[in-house]
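Here's model.txt, which has compact mmCIF, C-alpha atoms:
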# COMPACT_ATOMS: atom_id res chain seq x y z
CA MET A 1 -14.93 -11.28 -19.87
CA SER A 2 -13.06 -8.01 -19.39
CA GLU A 3 -15.16 -4.85 -19.43
CA LYS A 4 -14.00 -1.25 -19.78
CA LEU A 5 -15.60 1.15 -17.31
CA PHE A 6 -15.19 4.77 -16.23
CA VAL A 7 -15.02 4.86 -12.44
CA LYS A 8 -13.45 6.54 -9.42
CA GLY A 9 -10.38 5.08 -7.80
CA ASN A 10 -12.31 4.43 -4.59
CA GLU A 11 -15.00 2.58 -6.55
CA ALA A 12 -12.31 0.49 -8.23
CA VAL A 13 -11.12 -0.64 -4.80
CA ALA A 14 -14.63 -1.75 -3.83
CA MET A 15 -15.17 -3.53 -7.16
CA ALA A 16 -11.86 -5.35 -6.84
CA ALA A 17 -12.60 -6.43 -3.27
CA ILE A 18 -15.85 -8.06 -4.40
CA GLU A 19 -14.12 -9.75 -7.36
CA ALA A 20 -11.41 -11.01 -4.96
CA GLY A 21 -14.03 -12.76 -2.86
CA CYS A 22 -14.38 -10.25 -0.04
CA ARG A 23 -17.88 -10.44 1.40
CA TYR A 24 -17.33 -8.69 4.74
CA TYR A 25 -16.62 -5.01 5.20
CA PHE A 26 -16.36 -3.04 8.44
CA GLY A 27 -15.72 0.68 8.42
CA TYR A 28 -16.60 4.19 9.39
CA PRO A 29 -17.09 7.18 7.07
CA ILE A 30 -14.33 9.75 6.65
CA THR A 31 -13.45 11.91 3.66
CA PRO A 32 -11.91 11.24 1.12
CA GLN A 33 -12.52 7.47 1.23
CA SER A 34 -16.26 7.31 1.92
CA ASP A 35 -17.05 6.15 -1.62
CA ILE A 36 -15.68 2.73 -0.63
CA PRO A 37 -18.15 1.98 2.17
CA GLU A 38 -20.97 3.64 0.21
CA TYR A 39 -20.36 1.29 -2.72
CA LEU A 40 -20.01 -1.81 -0.57
CA SER A 41 -23.09 -0.98 1.50
CA ARG A 42 -25.11 -1.39 -1.70
CA ALA A 43 -23.17 -4.21 -3.33
CA LEU A 44 -22.46 -6.69 -0.52
CA PRO A 45 -25.96 -7.57 0.81
CA PRO A 46 -27.28 -8.86 -2.55
CA LEU A 47 -24.22 -11.13 -2.72
CA GLY A 48 -24.93 -12.61 0.70
CA GLY A 49 -22.22 -10.50 2.28
CA GLU A 50 -22.21 -8.22 5.30
CA PHE A 51 -21.62 -4.49 5.47
CA ILE A 52 -21.34 -3.02 8.96
CA GLN A 53 -20.81 0.65 9.72
CA ALA A 54 -19.08 0.28 13.05
CA GLU A 55 -19.52 2.67 15.95
CA SER A 56 -15.91 3.81 15.46
CA GLU A 57 -12.70 3.03 13.59
CA ILE A 58 -11.58 1.04 16.64
CA GLY A 59 -14.70 -1.08 16.42
CA ALA A 60 -14.20 -1.58 12.68
CA ILE A 61 -10.63 -2.91 12.91
CA ASN A 62 -11.55 -5.32 15.68
CA MET A 63 -14.47 -6.61 13.62
CA LEU A 64 -11.98 -7.20 10.81
CA LEU A 65 -9.77 -9.12 13.23
CA GLY A 66 -12.67 -11.33 14.30
CA ALA A 67 -13.84 -12.03 10.75
CA SER A 68 -10.30 -12.79 9.60
CA ALA A 69 -9.86 -15.33 12.41
CA THR A 70 -12.69 -17.36 10.84
CA GLY A 71 -10.84 -17.49 7.52
CA VAL A 72 -13.09 -15.26 5.40
CA ARG A 73 -11.85 -12.46 3.19
CA ALA A 74 -12.65 -9.14 4.83
CA MET A 75 -11.51 -5.53 4.65
CA THR A 76 -11.77 -2.06 6.13
CA SER A 77 -10.86 1.38 4.85
CA SER A 78 -10.26 4.85 6.22
CA SER A 79 -8.11 7.97 5.97
CA GLY A 80 -5.32 9.33 8.20
CA PRO A 81 -7.08 9.96 11.54
CA GLY A 82 -9.08 6.74 11.21
CA ILE A 83 -6.00 4.70 10.35
CA SER A 84 -4.36 6.08 13.50
CA LEU A 85 -7.26 4.78 15.57
CA LYS A 86 -6.96 1.37 13.92
CA GLN A 87 -3.27 0.92 14.74
CA GLU A 88 -3.74 -1.12 17.92
CA GLY A 89 -6.03 -3.52 16.08
CA ILE A 90 -3.62 -3.81 13.17
CA SER A 91 -0.86 -4.64 15.65
CA TYR A 92 -3.05 -7.36 17.16
CA MET A 93 -3.76 -8.76 13.68
CA ALA A 94 -0.04 -8.84 12.87
CA GLY A 95 0.69 -10.45 16.24
CA SER A 96 -2.01 -13.06 15.59
CA GLU A 97 -0.76 -13.76 12.03
CA LEU A 98 -4.11 -12.81 10.53
CA PRO A 99 -4.64 -11.66 6.95
CA GLY A 100 -6.90 -8.76 6.08
CA VAL A 101 -6.92 -5.74 3.80
CA ILE A 102 -6.81 -2.14 5.02
CA VAL A 103 -7.21 0.76 2.60
CA ASP A 104 -5.79 4.17 3.48
CA ILE A 105 -6.81 7.04 1.21
CA MET A 106 -4.39 9.58 2.64
CA ARG A 107 -5.44 13.08 3.66
CA ALA A 108 -3.61 15.96 5.27
CA GLY A 109 -2.49 15.84 8.87
CA PRO A 110 -1.34 15.60 11.61
CA GLY A 111 -4.35 15.77 13.85
CA LEU A 112 -7.61 16.52 12.08
CA GLY A 113 -5.70 18.07 9.18
CA GLY A 114 -7.88 18.36 6.10
CA ILE A 115 -8.89 16.61 2.91
CA ASP A 116 -6.00 17.88 0.77
CA ALA A 117 -3.90 15.27 -1.01
CA SER A 118 -0.97 14.08 1.06
CA GLN A 119 1.59 11.28 1.13
CA ALA A 120 2.59 11.85 4.74
CA ASP A 121 1.16 8.51 5.95
CA TYR A 122 4.20 6.78 4.41
CA PHE A 123 6.00 6.33 7.74
CA GLN A 124 2.81 5.19 9.47
CA ALA A 125 2.16 2.54 6.82
CA THR A 126 5.64 1.23 6.13
CA ARG A 127 6.87 1.17 9.72
CA GLY A 128 3.86 -0.71 11.06
CA GLY A 129 2.37 2.28 12.85
CA GLY A 130 1.48 0.51 16.07
CA HIS A 131 3.39 -1.16 18.88
CA GLY A 132 5.59 -4.23 18.75
CA GLY A 133 7.90 -3.86 15.77
CA TYR A 134 5.68 -5.54 13.19
CA ARG A 135 5.42 -4.70 9.47
CA ILE A 136 2.57 -4.95 6.99
CA ILE A 137 2.47 -5.28 3.21
CA VAL A 138 2.00 -1.86 1.58
CA LEU A 139 0.97 -1.40 -2.06
CA ALA A 140 0.93 2.05 -3.70
CA PRO A 141 -1.28 2.38 -6.80
CA ALA A 142 -0.75 5.24 -9.25
CA SER A 143 -3.90 4.85 -11.35
CA VAL A 144 -7.51 3.73 -11.12
CA GLN A 145 -6.54 0.53 -12.89
CA GLU A 146 -3.90 -0.17 -10.27
CA MET A 147 -6.40 0.56 -7.50
CA TYR A 148 -8.33 -2.39 -8.93
CA ASP A 149 -5.38 -4.68 -9.64
CA LEU A 150 -3.42 -4.02 -6.44
CA THR A 151 -6.48 -4.44 -4.22
CA MET A 152 -6.90 -7.97 -5.56
CA LEU A 153 -3.18 -8.57 -5.13
CA ALA A 154 -3.40 -7.30 -1.54
CA PHE A 155 -5.93 -10.01 -0.66
CA ASP A 156 -3.74 -12.74 -2.17
CA LEU A 157 -0.48 -11.58 -0.58
CA SER A 158 -2.18 -11.17 2.77
CA ASP A 159 -3.48 -14.74 2.64
CA ILE A 160 -0.19 -16.20 1.42
CA TYR A 161 1.95 -14.55 4.10
CA ARG A 162 -0.66 -14.21 6.89
CA ILE A 163 0.16 -10.51 7.25
CA PRO A 164 -2.25 -7.57 7.00
CA ALA A 165 -1.94 -5.75 3.68
CA MET A 166 -2.56 -2.07 3.03
CA VAL A 167 -3.50 -0.30 -0.18
CA LEU A 168 -2.02 3.19 0.25
CA ALA A 169 -3.24 5.96 -2.04
CA ASP A 170 -4.07 9.63 -1.66
CA SER A 171 -7.19 11.64 -2.37
CA VAL A 172 -6.08 12.33 -5.95
CA ILE A 173 -6.11 8.65 -6.89
CA GLY A 174 -9.14 7.89 -4.73
CA GLN A 175 -11.34 10.64 -6.16
CA MET A 176 -10.21 10.80 -9.79
CA LYS A 177 -12.06 9.01 -12.59
CA GLU A 178 -10.28 7.00 -15.28
CA SER A 179 -11.02 4.11 -17.57
CA LEU A 180 -10.77 0.74 -15.90
CA THR A 181 -10.66 -2.69 -17.47
CA ALA A 182 -12.45 -4.92 -14.98
CA HIS A 183 -11.26 -8.50 -15.15
CA PRO A 184 -11.76 -11.73 -13.21
CA ARG A 185 -9.66 -12.45 -10.18
CA PRO A 186 -6.28 -13.88 -11.25
CA GLU A 187 -5.62 -17.44 -10.23
CA ALA A 188 -3.23 -17.75 -7.31
CA ALA A 189 -1.84 -20.68 -5.35
CA LEU A 190 -3.19 -19.87 -1.91
CA PRO A 191 -2.33 -21.89 1.21
CA ALA A 192 -5.01 -23.80 3.07
CA LYS A 193 -6.27 -21.99 6.16
CA GLY A 194 -5.87 -24.80 8.62
CA TRP A 195 -5.52 -22.29 11.45
CA VAL A 196 -9.04 -20.85 11.31
CA VAL A 197 -11.40 -20.87 14.28
CA ARG A 198 -14.87 -21.93 13.15
CA GLY A 199 -15.80 -24.45 15.78
CA ARG A 200 -14.62 -28.05 15.79
CA ALA A 201 -16.01 -31.53 15.82
CA PRO A 202 -15.36 -33.86 18.77
CA LYS A 203 -11.76 -35.09 18.97
CA GLU A 204 -10.56 -32.52 16.43
CA PRO A 205 -7.59 -30.39 17.55
CA GLN A 206 -8.45 -26.94 18.82
CA ASN A 207 -7.21 -23.92 16.92
CA VAL A 208 -6.29 -20.83 18.89
CA VAL A 209 -5.70 -17.40 17.37
CA LYS A 210 -3.61 -15.28 19.74
CA SER A 211 -0.81 -12.76 20.03
CA LEU A 212 0.21 -13.73 23.56
CA TYR A 213 3.27 -15.98 23.98
CA LEU A 214 4.24 -16.59 27.61
CA GLY A 215 6.31 -19.76 27.34
CA ASP A 216 10.06 -19.60 27.77
CA GLY A 217 11.53 -18.30 24.49
CA GLU A 218 8.18 -18.33 22.67
CA MET A 219 7.97 -14.61 21.99
CA GLU A 220 11.55 -14.41 20.73
CA ALA A 221 10.92 -17.35 18.40
CA PHE A 222 7.75 -15.68 17.12
CA HIS A 223 9.62 -12.45 16.32
CA TRP A 224 12.32 -14.30 14.39
CA LYS A 225 9.65 -16.25 12.49
CA MET A 226 7.96 -13.01 11.45
CA HIS A 227 11.32 -11.48 10.56
CA ALA A 228 11.98 -14.43 8.23
CA ARG A 229 8.58 -13.86 6.64
CA TYR A 230 9.44 -10.21 6.01
CA GLN A 231 12.71 -11.32 4.42
CA GLU A 232 10.82 -13.73 2.18
CA LEU A 233 8.50 -10.91 1.15
CA ALA A 234 11.49 -8.77 0.22
CA GLU A 235 12.96 -11.56 -1.89
CA LYS A 236 9.78 -12.55 -3.73
CA GLU A 237 7.26 -9.72 -3.75
CA CYS A 238 9.02 -6.42 -4.49
CA ARG A 239 7.37 -4.55 -7.35
CA TRP A 240 8.41 -1.39 -9.15
CA GLU A 241 8.28 0.39 -12.51
CA GLU A 242 11.25 1.78 -14.43
CA ILE A 243 11.05 4.24 -17.32
CA GLN A 244 14.18 5.07 -19.33
CA THR A 245 16.59 4.35 -16.50
CA GLU A 246 19.12 2.41 -18.62
CA ASP A 247 21.08 5.46 -19.79
CA ALA A 248 19.87 7.95 -17.17
CA THR A 249 22.29 10.26 -15.41
CA LEU A 250 19.46 11.47 -13.16
CA VAL A 251 16.62 9.27 -11.89
CA VAL A 252 13.44 10.80 -10.52
CA THR A 253 11.67 8.62 -7.99
CA ALA A 254 8.14 9.04 -6.66
CA PHE A 255 5.10 6.95 -5.79
CA GLY A 256 1.36 7.22 -6.28
CA SER A 257 -0.11 10.42 -7.71
CA THR A 258 3.23 12.23 -7.59
CA ALA A 259 4.74 9.62 -9.90
CA ARG A 260 2.06 10.44 -12.48
CA ILE A 261 3.13 14.09 -12.55
CA ALA A 262 6.81 13.14 -12.49
CA ARG A 263 6.32 10.89 -15.53
CA THR A 264 5.30 13.91 -17.60
CA ALA A 265 8.20 15.96 -16.25
CA VAL A 266 10.63 13.17 -17.19
CA ALA A 267 9.17 13.11 -20.70
CA MET A 268 9.72 16.87 -20.92
CA ALA A 269 13.34 16.38 -19.85
CA ARG A 270 13.87 13.73 -22.50
CA GLU A 271 12.48 16.11 -25.14
CA ALA A 272 15.11 18.59 -23.93
CA ASP A 273 17.84 15.95 -24.56
CA MET A 274 18.35 15.32 -20.87
CA LYS A 275 19.04 11.74 -19.84
CA VAL A 276 16.46 11.44 -17.08
CA GLY A 277 14.54 8.33 -15.97
CA LEU A 278 11.78 7.46 -13.54
CA LEU A 279 11.75 4.79 -10.84
CA ARG A 280 8.38 4.21 -9.17
CA PRO A 281 8.09 1.82 -6.23
CA ILE A 282 4.80 -0.10 -6.26
CA THR A 283 5.47 -2.02 -3.07
CA LEU A 284 6.43 0.41 -0.32
CA PHE A 285 6.91 -2.50 2.04
CA PRO A 286 8.81 -4.46 1.05
CA PHE A 287 10.67 -1.50 -0.47
CA PRO A 288 12.38 -2.46 -3.78
CA LYS A 289 15.89 -1.80 -2.52
CA GLN A 290 17.48 -4.01 -5.16
CA SER A 291 16.21 -1.84 -8.01
CA TYR A 292 17.65 1.32 -6.47
CA GLU A 293 20.95 -0.34 -5.71
CA ALA A 294 21.24 -1.71 -9.26
CA ILE A 295 20.46 1.63 -10.92
CA SER A 296 22.79 3.53 -8.58
CA ARG A 297 25.72 1.53 -9.94
CA HIS A 298 25.60 3.59 -13.14
CA CYS A 299 23.43 6.56 -12.15
CA LYS A 300 24.71 8.67 -9.28
CA LYS A 301 21.95 11.28 -9.00
CA PHE A 302 18.44 10.70 -7.66
CA LEU A 303 15.63 13.20 -7.13
CA THR A 304 12.86 12.09 -4.77
CA ILE A 305 9.52 13.88 -5.02
CA GLU A 306 6.74 13.54 -2.44
CA LEU A 307 3.59 15.27 -1.21
CA SER A 308 5.22 15.71 2.21
CA THR A 309 8.34 17.17 3.75
CA GLY A 310 10.17 13.92 3.05
CA GLN A 311 9.57 10.34 4.17
CA MET A 312 10.20 7.87 1.34
CA VAL A 313 13.42 9.75 0.66
CA GLU A 314 14.91 8.03 3.72
CA ASP A 315 14.34 4.60 2.19
CA VAL A 316 15.82 5.84 -1.09
CA ARG A 317 18.97 7.02 0.69
CA LEU A 318 19.27 3.68 2.48
CA SER A 319 18.89 1.76 -0.80
CA VAL A 320 21.31 3.44 -3.22
CA ALA A 321 25.06 3.04 -3.41
CA ARG A 322 27.13 5.09 -0.97
CA ASP A 323 28.46 7.43 -3.63
CA ALA A 324 25.01 8.26 -5.05
CA GLU A 325 23.56 11.72 -4.39
CA VAL A 326 19.89 11.87 -3.32
CA SER A 327 18.04 15.20 -3.53
CA PHE A 328 14.50 15.92 -2.39
CA TYR A 329 11.62 18.11 -3.48
CA GLY A 330 8.45 18.12 -1.39
CA ARG A 331 5.03 19.72 -1.48
CA PRO A 332 3.31 19.17 1.88
CA PRO A 333 -0.45 19.66 2.25
CA GLY A 334 -1.60 23.24 2.41
CA ALA A 335 0.62 24.43 -0.43
CA GLY A 336 -2.54 25.24 -2.35
CA SER A 337 -2.17 22.85 -5.27
CA LEU A 338 -0.36 19.83 -6.59
CA PRO A 339 2.99 20.40 -8.28
CA THR A 340 2.75 20.80 -12.04
CA PRO A 341 4.91 18.93 -14.55
CA GLU A 342 6.55 22.26 -15.39
CA GLU A 343 7.41 22.81 -11.73
CA LEU A 344 8.98 19.37 -11.47
CA PHE A 345 10.83 19.91 -14.74
CA GLU A 346 12.42 23.02 -13.19
CA GLN A 347 13.56 20.88 -10.24
CA ILE A 348 15.01 18.33 -12.65
CA LYS A 349 17.00 21.05 -14.41
CA LYS A 350 18.40 22.23 -11.06
CA GLN A 351 19.62 18.74 -10.16
CA TYR A 352 20.74 17.58 -13.60
Using the file provided, produce a representation of the structure as structure tokens.
Amino acid sequence: MSEKLFVKGNEAVAMAAIEAGCRYYFGYPITPQSDIPEYLSRALPPLGGEFIQAESEIGAINMLLGASATGVRAMTSSSGPGISLKQEGISYMAGSELPGVIVDIMRAGPGLGGIDASQADYFQATRGGGHGGYRIIVLAPASVQEMYDLTMLAFDLSDIYRIPAMVLADSVIGQMKESLTAHPRPEAALPAKGWVVRGRAPKEPQNVVKSLYLGDGEMEAFHWKMHARYQELAEKECRWEEIQTEDATLVVTAFGSTARIARTAVAMAREADMKVGLLRPITLFPFPKQSYEAISRHCKKFLTIELSTGQMVEDVRLSVARDAEVSFYGRPPGAGSLPTPEELFEQIKKQY
């Protein structure tokens, strides 16, 4: 039965992970995501699960790799500097075709940075971040409810495609409280995990989880196989939200917390008789290129808004028609506050 609760975004992630069947968590505390391990440290042991605070972020991601190789649902979480330390392990997971969920509650950077809200981990998340040219699934929630729903989706997509999946949010979404309708895990047709390594009976074939391919042509074949999987993701799993784009002559596009503020600014523009719409990507990889291309056939002006100096804007420019104009407005960390709807409305008026 569904139940309405009032919880933090970080808590919603932990609740969803448990509902999705995750019983193994490995992590290391870092603000602003520490609510996730705190919640799971209390909730997992009574369920027969395991919570391990690793000695480092490097230790945590390699524990996730090992647990995933046995076929169980497991996850880790961190913020910018910790995600950087996890990149080698994520690359090894991708190279070993292992599922697993990684949560990044973005904070300011580079380096130590600070705990201000930021969306500057976009490149790190959507371009793989580590070595070897791999990609991972990236989901960008814009509400506490979506923190819950997309975390469960991340586990399913990761299992279906045998690719690590990341839930990418910033400290605004992670720390804010909203109403949440908790619901059972949706049914999904998940493939059998015949590849797991759990020991074998005599005469059974041996499974090997590896990212090393030394045979003639093996590595090239592996890369093309993964490329085909990324193409399949793009065809089947792109998700986005459109608001009043049908007649728009200017489309604002943003993700996560920025999209929430932009939604109000777009409503203000509509009240001022301006034909403005909103396009919010929910999957950042695969990026919903088809939605941008379709809208750009009739709308030739786009305004991209981010809490950075501009990262997603590059994917927007690559996705729209050649004759579409893409403008950018950014607020990197350290600006002192989030942009207000009134501030974004002023930007809309400049571009309209």
Determine, for each residue of segment 224-322 of chain A having at least one atom at most 10 Å from an atom of segment 169-175 of chain A, the closest pair of atoms and their separation in Å to one decimal, counting all atoms listed in the file; order by chain and ascending number, as JSON lines.
{"residue": "A:Phe255", "atom": "CA", "partner": "A:Ala169", "partner_atom": "CA", "distance": 9.2}
{"residue": "A:Gly256", "atom": "CA", "partner": "A:Ala169", "partner_atom": "CA", "distance": 6.4}
{"residue": "A:Ser257", "atom": "CA", "partner": "A:Ile173", "partner_atom": "CA", "distance": 6.3}
{"residue": "A:Thr258", "atom": "CA", "partner": "A:Val172", "partner_atom": "CA", "distance": 9.5}
{"residue": "A:Leu307", "atom": "CA", "partner": "A:Asp170", "partner_atom": "CA", "distance": 9.5}
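For the choices A:Leu303, A:Val252, A:Ile136, A:Ala16, the atom-to-atom distance to Ser91 of chain A is smallest for A:Ile136 when using all atoms listed in the file.
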| Of the candidates A:Val251, A:Val326, A:Leu5, A:Val313, which one gets nearest to His298 of chain A if we count only C-alpha atoms? |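 Among the listed residues, the smallest separation from His298 of chain A belongs to A:Val251.
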Shell around Met93 of chain A at 7 Å using all atoms listed in the file, local window under 4 positions removed, as a PDB file with C-alpha atoms, keeping the file's coordinate frame:
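Below you can see out_2.pdb, which holds the result:
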ATOM      1  CA  LEU A  65      -9.770  -9.120  13.230  1.00  0.00           C
ATOM      2  CA  GLY A  89      -6.030  -3.520  16.080  1.00  0.00           C
ATOM      3  CA  GLU A  97      -0.760 -13.760  12.030  1.00  0.00           C
ATOM      4  CA  LEU A  98      -4.110 -12.810  10.530  1.00  0.00           C
ATOM      5  CA  PRO A 164      -2.250  -7.570   7.000  1.00  0.00           C
TER       6      PRO A 164
END
| Skipping near chain neighbours, those fewer than 3 positions away, what residues fall within 6 Å of segment 270-285 of chain A using all atoms listed in the file, listed as a list in words? |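 The contact residues come out as Thr126, Ile137, Val138, Leu139, Ala140, Cys238, Arg239, Trp240, Glu241, Glu242, Ile243, Gln244, Thr245, Ala248, Thr249, Leu250, Val251, Val252, Thr253, Ala254, Phe255 and Ala267 of chain A.
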| message | Taking 3 positions as the minimum chain separation for residues in the same chain, which residues sit within 6 Å of segment 118-120 of chain A when counting all atoms listed in the file? Answer as a list in words. | response |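 The residues that qualify are Met106, Arg107, Ala108, Leu307, Ser308 and Pro333 of chain A.
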| What does the distance from atom CA of Tyr329 of chain A to atom CA of Thr304 of chain A come to in Å, to one decimal? |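 So the answer is 6.3 Å.
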| Selected residue, from A:Lys210, A:Arg162, A:Arg135, A:Arg185, that lies nearest to Met15 of chain A when counting only C-alpha atoms |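 Checking each of A:Lys210, A:Arg162, A:Arg135, A:Arg185 against Met15 of chain A, counting only C-alpha atoms, the winner is A:Arg185.
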| said: Would you pick out the contacts of segment 192-209 of chain A at 10 Å or less, using all atoms listed in the file, so that residues sharing its chain but fewer than 6 positions from it are not included, and give the list as number ranges by chain? | reply: A: 66-72, 93, 95-98, 159-160, 162
Pull C-alpha atoms from the residues just selected and write them as a CSV table (one decimal), keeping the file's coordinate frame.
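Listed below is the output, again-v1.csv:
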chain,number,residue,atom,x,y,z
A,66,GLY,CA,-12.7,-11.3,14.3
A,67,ALA,CA,-13.8,-12.0,10.8
A,68,SER,CA,-10.3,-12.8,9.6
A,69,ALA,CA,-9.9,-15.3,12.4
A,70,THR,CA,-12.7,-17.4,10.8
A,71,GLY,CA,-10.8,-17.5,7.5
A,72,VAL,CA,-13.1,-15.3,5.4
A,93,MET,CA,-3.8,-8.8,13.7
A,95,GLY,CA,0.7,-10.4,16.2
A,96,SER,CA,-2.0,-13.1,15.6
A,97,GLU,CA,-0.8,-13.8,12.0
A,98,LEU,CA,-4.1,-12.8,10.5
A,159,ASP,CA,-3.5,-14.7,2.6
A,160,ILE,CA,-0.2,-16.2,1.4
A,162,ARG,CA,-0.7,-14.2,6.9
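For the set A:His223, A:Ile52, A:Ala20, A:Gly80, the residue with the smallest atom-to-atom gap to Leu153 of chain A is A:Ala20, counting all atoms listed in the file.
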| For Asn10 of chain A, which residue out of A:Thr76, A:Gln290, A:Gln33, A:Ser179 is the nearest one, using all atoms listed in the file? | A:Gln33
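When atom CA of Val13 of chain A is paired with atom CA of Tyr148 of chain A, their separation reads 5.3 Å.
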| Hey, can you check how far atom CA of Gly48 of chain A sits from atom CA of Tyr25 of chain A? | 12.1 Å
| request: Compare A:Asp315, A:Glu325, A:Asp216, A:Asp156 by their minimum atom-to-atom distance to Pro288 of chain A, counting all atoms listed in the file, and give me the closest one. | output: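 That would be A:Asp315, the residue with the smallest distance to Pro288 of chain A.
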Closest pair table for segment 300-325 of chain A residues within 6 Å of segment 291-296 of chain A, all atoms listed in the file, as a tab-separated table:
residue	atom	partner	partner_atom	distance
A:Lys300	CA	A:Ser296	CA	5.5
A:Ser319	CA	A:Glu293	CA	5.7
A:Val320	CA	A:Glu293	CA	4.5
A:Ala321	CA	A:Ser296	CA	5.7
